[in-house]
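**Q** Contents of final_4.csv (CSV, C-alpha atoms):
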chain,number,residue,atom,x,y,z
A,26,MET,CA,-0.6,-25.5,204.5
A,27,SER,CA,-4.1,-24.6,203.0
A,28,SER,CA,-5.7,-26.4,200.1
A,29,GLN,CA,-5.5,-23.1,198.1
A,30,SER,CA,-1.8,-23.0,198.7
A,31,ARG,CA,-1.3,-26.6,197.6
A,32,SER,CA,-3.4,-26.1,194.5
A,33,ASP,CA,-1.3,-23.0,193.6
A,34,GLU,CA,1.9,-25.1,194.1
A,35,SER,CA,0.5,-27.9,192.0
A,36,PHE,CA,-0.4,-25.4,189.2
A,37,SER,CA,3.1,-23.9,189.4
A,38,TYR,CA,4.7,-27.3,189.2
A,39,PHE,CA,2.6,-28.2,186.2
A,40,ALA,CA,3.4,-24.9,184.5
A,41,TYR,CA,7.1,-25.5,185.0
A,42,VAL,CA,7.0,-29.1,183.7
A,43,ASN,CA,4.9,-28.0,180.7
A,44,LEU,CA,7.3,-25.0,180.0
A,45,THR,CA,10.3,-27.3,180.2
A,46,ILE,CA,9.0,-30.0,177.9
A,47,SER,CA,7.6,-27.6,175.2
A,48,SER,CA,10.6,-25.3,175.4
A,49,SER,CA,13.0,-28.2,175.1
A,50,GLY,CA,11.3,-29.4,171.9
A,51,THR,CA,11.2,-26.0,170.4
A,52,ILE,CA,14.8,-25.3,171.2
A,53,TYR,CA,15.8,-28.6,169.6
A,54,ARG,CA,13.8,-27.9,166.4
A,55,ALA,CA,15.2,-24.4,166.2
A,56,TYR,CA,18.8,-25.5,166.7
A,57,VAL,CA,18.5,-28.3,164.1
A,58,ASN,CA,17.1,-25.7,161.6
A,59,ASP,CA,19.9,-23.2,162.5
A,60,ASP,CA,17.4,-20.7,163.9
A,61,ILE,CA,19.7,-19.4,166.6
A,62,PRO,CA,17.6,-16.2,167.2
A,63,MET,CA,14.6,-18.5,168.2
A,64,VAL,CA,16.9,-20.5,170.5
A,65,VAL,CA,18.0,-17.2,172.2
A,66,PHE,CA,14.4,-16.0,172.5
A,67,ILE,CA,13.2,-19.3,174.0
A,68,LEU,CA,16.0,-19.2,176.6
A,69,PHE,CA,15.2,-15.6,177.3
A,70,TYR,CA,11.5,-16.5,177.7
A,71,ILE,CA,12.3,-19.3,180.2
A,72,ILE,CA,14.6,-17.1,182.3
A,73,ALA,CA,12.3,-14.1,182.2
A,74,PHE,CA,9.3,-16.3,183.1
A,75,CYS,CA,11.1,-17.7,186.1
A,76,VAL,CA,12.3,-14.4,187.3
A,77,SER,CA,8.9,-12.8,186.8
A,78,GLU,CA,7.3,-15.6,188.9
A,79,MET,CA,9.9,-15.1,191.6
A,80,CYS,CA,9.1,-11.3,191.6
A,81,MET,CA,5.4,-11.9,191.8
A,82,ARG,CA,5.8,-14.3,194.8
A,83,ALA,CA,8.1,-11.8,196.6
A,84,LEU,CA,5.7,-9.0,195.8
A,85,ASN,CA,2.7,-10.9,197.2
A,86,ARG,CA,4.6,-11.6,200.4
A,87,LEU,CA,5.2,-7.9,201.1
A,88,PRO,CA,2.5,-5.9,203.0
A,89,GLN,CA,-0.1,-4.4,200.7
A,90,ASN,CA,-0.3,-1.0,202.4
A,91,GLU,CA,3.4,-0.4,202.6
A,92,ASP,CA,5.5,1.5,200.1
A,93,SER,CA,9.1,0.5,199.8
A,94,LEU,CA,11.9,0.6,197.4
A,95,LYS,CA,12.0,-3.2,197.2
A,96,LYS,CA,8.3,-3.2,196.3
A,97,PHE,CA,8.8,-0.6,193.6
A,98,ILE,CA,11.8,-2.5,192.1
A,99,LEU,CA,9.8,-5.7,192.1
A,100,LYS,CA,7.0,-4.0,190.2
A,101,VAL,CA,9.3,-2.4,187.7
A,102,THR,CA,11.2,-5.7,187.1
A,103,ASN,CA,8.0,-7.7,186.6
A,104,TRP,CA,6.5,-5.0,184.3
A,105,VAL,CA,9.7,-4.9,182.2
A,106,LEU,CA,10.0,-8.7,181.9
A,107,VAL,CA,6.4,-9.3,181.0
A,108,SER,CA,6.5,-6.5,178.5
A,109,ALA,CA,9.7,-7.8,177.0
A,110,ILE,CA,8.2,-11.3,176.7
A,111,LEU,CA,5.1,-9.9,175.0
A,112,PHE,CA,7.1,-7.8,172.6
A,113,GLY,CA,9.3,-10.8,171.9
A,114,PHE,CA,6.3,-12.9,171.0
A,115,ALA,CA,4.9,-10.1,168.9
A,116,TYR,CA,8.2,-9.9,167.0
A,117,GLN,CA,8.4,-13.6,166.4
A,118,PHE,CA,4.8,-13.9,165.2
A,119,GLY,CA,5.0,-10.6,163.3
A,120,THR,CA,7.4,-12.3,160.8
A,121,PHE,CA,4.8,-14.9,159.9
A,122,VAL,CA,1.8,-12.7,159.2
A,123,CYS,CA,0.9,-9.8,156.9
A,124,VAL,CA,1.8,-6.2,157.9
A,125,THR,CA,-1.8,-5.4,159.0
A,126,ALA,CA,-1.9,-8.4,161.3
A,127,ALA,CA,1.6,-7.5,162.7
A,128,VAL,CA,0.4,-4.0,163.4
A,129,ILE,CA,-2.7,-5.4,165.2
A,130,ILE,CA,-0.5,-7.8,167.2
A,131,PHE,CA,1.9,-5.0,168.2
A,132,SER,CA,-1.0,-2.7,169.1
A,133,ALA,CA,-2.4,-5.4,171.4
A,134,VAL,CA,1.0,-5.8,173.1
A,135,ILE,CA,1.4,-2.1,173.6
A,136,ALA,CA,-2.1,-2.0,175.1
A,137,ALA,CA,-1.3,-4.9,177.4
A,138,SER,CA,1.9,-3.3,178.5
A,139,ALA,CA,0.2,0.0,179.1
A,140,PHE,CA,-2.6,-1.7,181.1
A,141,LEU,CA,0.0,-3.6,183.2
A,142,PHE,CA,1.8,-0.3,183.9
A,143,PHE,CA,-1.5,1.3,184.9
A,144,VAL,CA,-2.4,-1.5,187.3
A,145,TYR,CA,1.1,-1.6,188.9
A,146,PHE,CA,1.8,2.1,189.2
A,147,ILE,CA,-1.3,4.3,188.8
A,148,TYR,CA,-4.2,2.2,190.1
A,149,ASP,CA,-2.2,0.8,193.0
A,150,ASP,CA,-1.0,4.2,194.1
A,151,ALA,CA,-4.5,5.6,193.8
A,152,LYS,CA,-5.8,2.9,196.0
A,153,LYS,CA,-3.3,3.8,198.7
A,154,ILE,CA,-4.0,7.5,198.6
A,155,SER,CA,-7.8,7.0,198.7
A,156,THR,CA,-9.3,6.8,202.1
A,157,THR,CA,-10.7,3.6,203.5
A,158,SER,CA,-14.5,3.3,203.4
A,159,THR,CA,-16.7,1.3,205.8
A,160,THR,CA,-19.9,-0.5,204.9
A,161,SER,CA,-21.9,2.5,206.1
A,162,GLY,CA,-20.2,4.7,203.5
A,163,ASP,CA,-18.3,6.8,206.0
A,164,SER,CA,-14.6,7.6,205.2
A,165,TYR,CA,-11.7,7.7,207.6
A,166,ASP,CA,-8.2,9.2,207.3
A,167,GLU,CA,-5.0,7.4,208.3
A,168,LYS,CA,-5.5,8.5,211.9
A,169,GLY,CA,-9.0,7.0,212.0
A,170,GLU,CA,-10.8,10.3,212.1
A,171,LYS,CA,-14.0,10.6,210.1
A,172,ILE,CA,-13.8,12.9,207.1
A,173,SER,CA,-16.0,14.0,204.2
A,174,LEU,CA,-14.4,14.5,200.8
A,175,PHE,CA,-15.6,17.3,198.5
A,176,SER,CA,-13.2,16.8,195.6
A,177,ALA,CA,-10.4,14.6,194.5
A,178,ASN,CA,-7.1,14.2,196.3
A,179,SER,CA,-3.8,14.6,194.5
A,180,CYS,CA,-0.3,13.2,195.3
A,181,THR,CA,2.8,15.0,196.3
A,182,GLU,CA,6.0,13.8,197.8
A,183,ASP,CA,4.3,12.6,201.0
A,184,HIS,CA,1.3,11.2,199.1
A,185,LYS,CA,-0.9,12.7,201.8
A,186,VAL,CA,-1.4,16.3,200.8
A,187,ALA,CA,-5.0,17.0,199.7
A,188,THR,CA,-5.8,19.7,197.3
A,189,SER,CA,-9.5,19.5,198.2
A,190,ILE,CA,-11.4,20.8,201.1
A,191,LEU,CA,-11.5,18.1,203.8
A,192,GLU,CA,-14.0,18.8,206.5
A,193,LYS,CA,-13.7,16.8,209.7
A,194,VAL,CA,-17.1,15.7,210.9
Now that the file is in, can you turn its structure into structure tokens?

**A**
Amino acid sequence: MSSQSRSDESFSYFAYVNLTISSSGTIYRAYVNDDIPMVVFILFYIIAFCVSEMCMRALNRLPQNEDSLKKFILKVTNWVLVSAILFGFAYQFGTFVCVTAAVIIFSAVIAASAFLFFVYFIYDDAKKISTTSTTSGDSYDEKGEKISLFSANSCTEDHKVATSILEKV
């Protein structure tokens, strides 16, 4: 086991211990004050955080270049859970602040959710479609043949059809 892997495990262990301690105190205070919606939100947060962590670990174990239904489901699940957690916090904090601050908080959450969607589904797909480039600046297709690209590629069902003129060199 590498030192990076051990430090990641230590960090995860610390995060879970911290989450458990702080959440237990918050749940107790909310329950004593009859704030049942807060208890439900904290329990949802704990479960969503753990499931999101499991999804990220499973996603990182899958091959980067490979598209599969499992990878897509893991990405969707993680995006939905993280977005739900963010919107939950925005809702909880939105009740304590003025309307202007609540609008700013929700705007930030919408932007964060949109950014995460972009990274998972648009940027990642664009990376797979683009050709690999070497240090010399030459580009190669999936078969390893050298190509020069005159305009942008676009995706279709096979993610391989180019609308541009590709000239084999």

**Q** Rounded to one decimal, what separation in Å do you get between CA of Phe97 (chain A) and CA of Cys75 (chain A)?

**A**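 These two atoms are separated by 18.8 Å.
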
**Q** Would you mind listing what lies within 10 Å of region 38-50 of chain A as an MDAnalysis selection string, with all atoms listed in the file counted and same-chain residues fewer than 5 positions away left out?

**A** chainID A and resid 32:33 55:56 64 67:68 70:71 74:75

**Q** Please produce a file of those selected residues containing C-alpha atoms, as an mmCIF file, keeping the file's coordinate frame.

**A**
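Output file part_25.cif is given in full below:
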data_model
loop_
_atom_site.group_PDB
_atom_site.id
_atom_site.type_symbol
_atom_site.label_atom_id
_atom_site.label_comp_id
_atom_site.auth_asym_id
_atom_site.auth_seq_id
_atom_site.Cartn_x
_atom_site.Cartn_y
_atom_site.Cartn_z
ATOM 1 C CA SER A 32 -3.400 -26.100 194.500
ATOM 2 C CA ASP A 33 -1.300 -23.000 193.600
ATOM 3 C CA ALA A 55 15.200 -24.400 166.200
ATOM 4 C CA TYR A 56 18.800 -25.500 166.700
ATOM 5 C CA VAL A 64 16.900 -20.500 170.500
ATOM 6 C CA ILE A 67 13.200 -19.300 174.000
ATOM 7 C CA LEU A 68 16.000 -19.200 176.600
ATOM 8 C CA TYR A 70 11.500 -16.500 177.700
ATOM 9 C CA ILE A 71 12.300 -19.300 180.200
ATOM 10 C CA PHE A 74 9.300 -16.300 183.100
ATOM 11 C CA CYS A 75 11.100 -17.700 186.100
#

**Q** For a quick check of understanding, using only C-alpha atoms, which of A:Leu141, A:Ile130, A:Ala73, A:Met79 has the smallest distance to Tyr116 (chain A)?

**A** A:Ile130

**Q** Give as a PyMOL selection string the set of residues within 12 Å of the point (5.8, -7.1, 162.0), where distances use the file's coordinates and all atoms listed in the file.

**A** chain A and resi 112-132

**Q** Between CA of Thr51 (chain A) and CA of Leu111 (chain A), what is the distance, to one decimal in Å?

**A** 17.8 Å

**Q** Between CA of Ser77 (chain A) and CA of Ile98 (chain A), what distance in Å does the model show, to one decimal?

**A**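 It comes out at 11.9 Å.
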
**Q** Kindly indicate which residue among A:Ile52, A:Val101, A:Val107, A:Cys80 lies nearest to Phe146 (chain A), using only C-alpha atoms for the distances.

**A**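 Checking each of A:Ile52, A:Val101, A:Val107, A:Cys80 against Phe146 (chain A), counting only C-alpha atoms, the winner is A:Val101.
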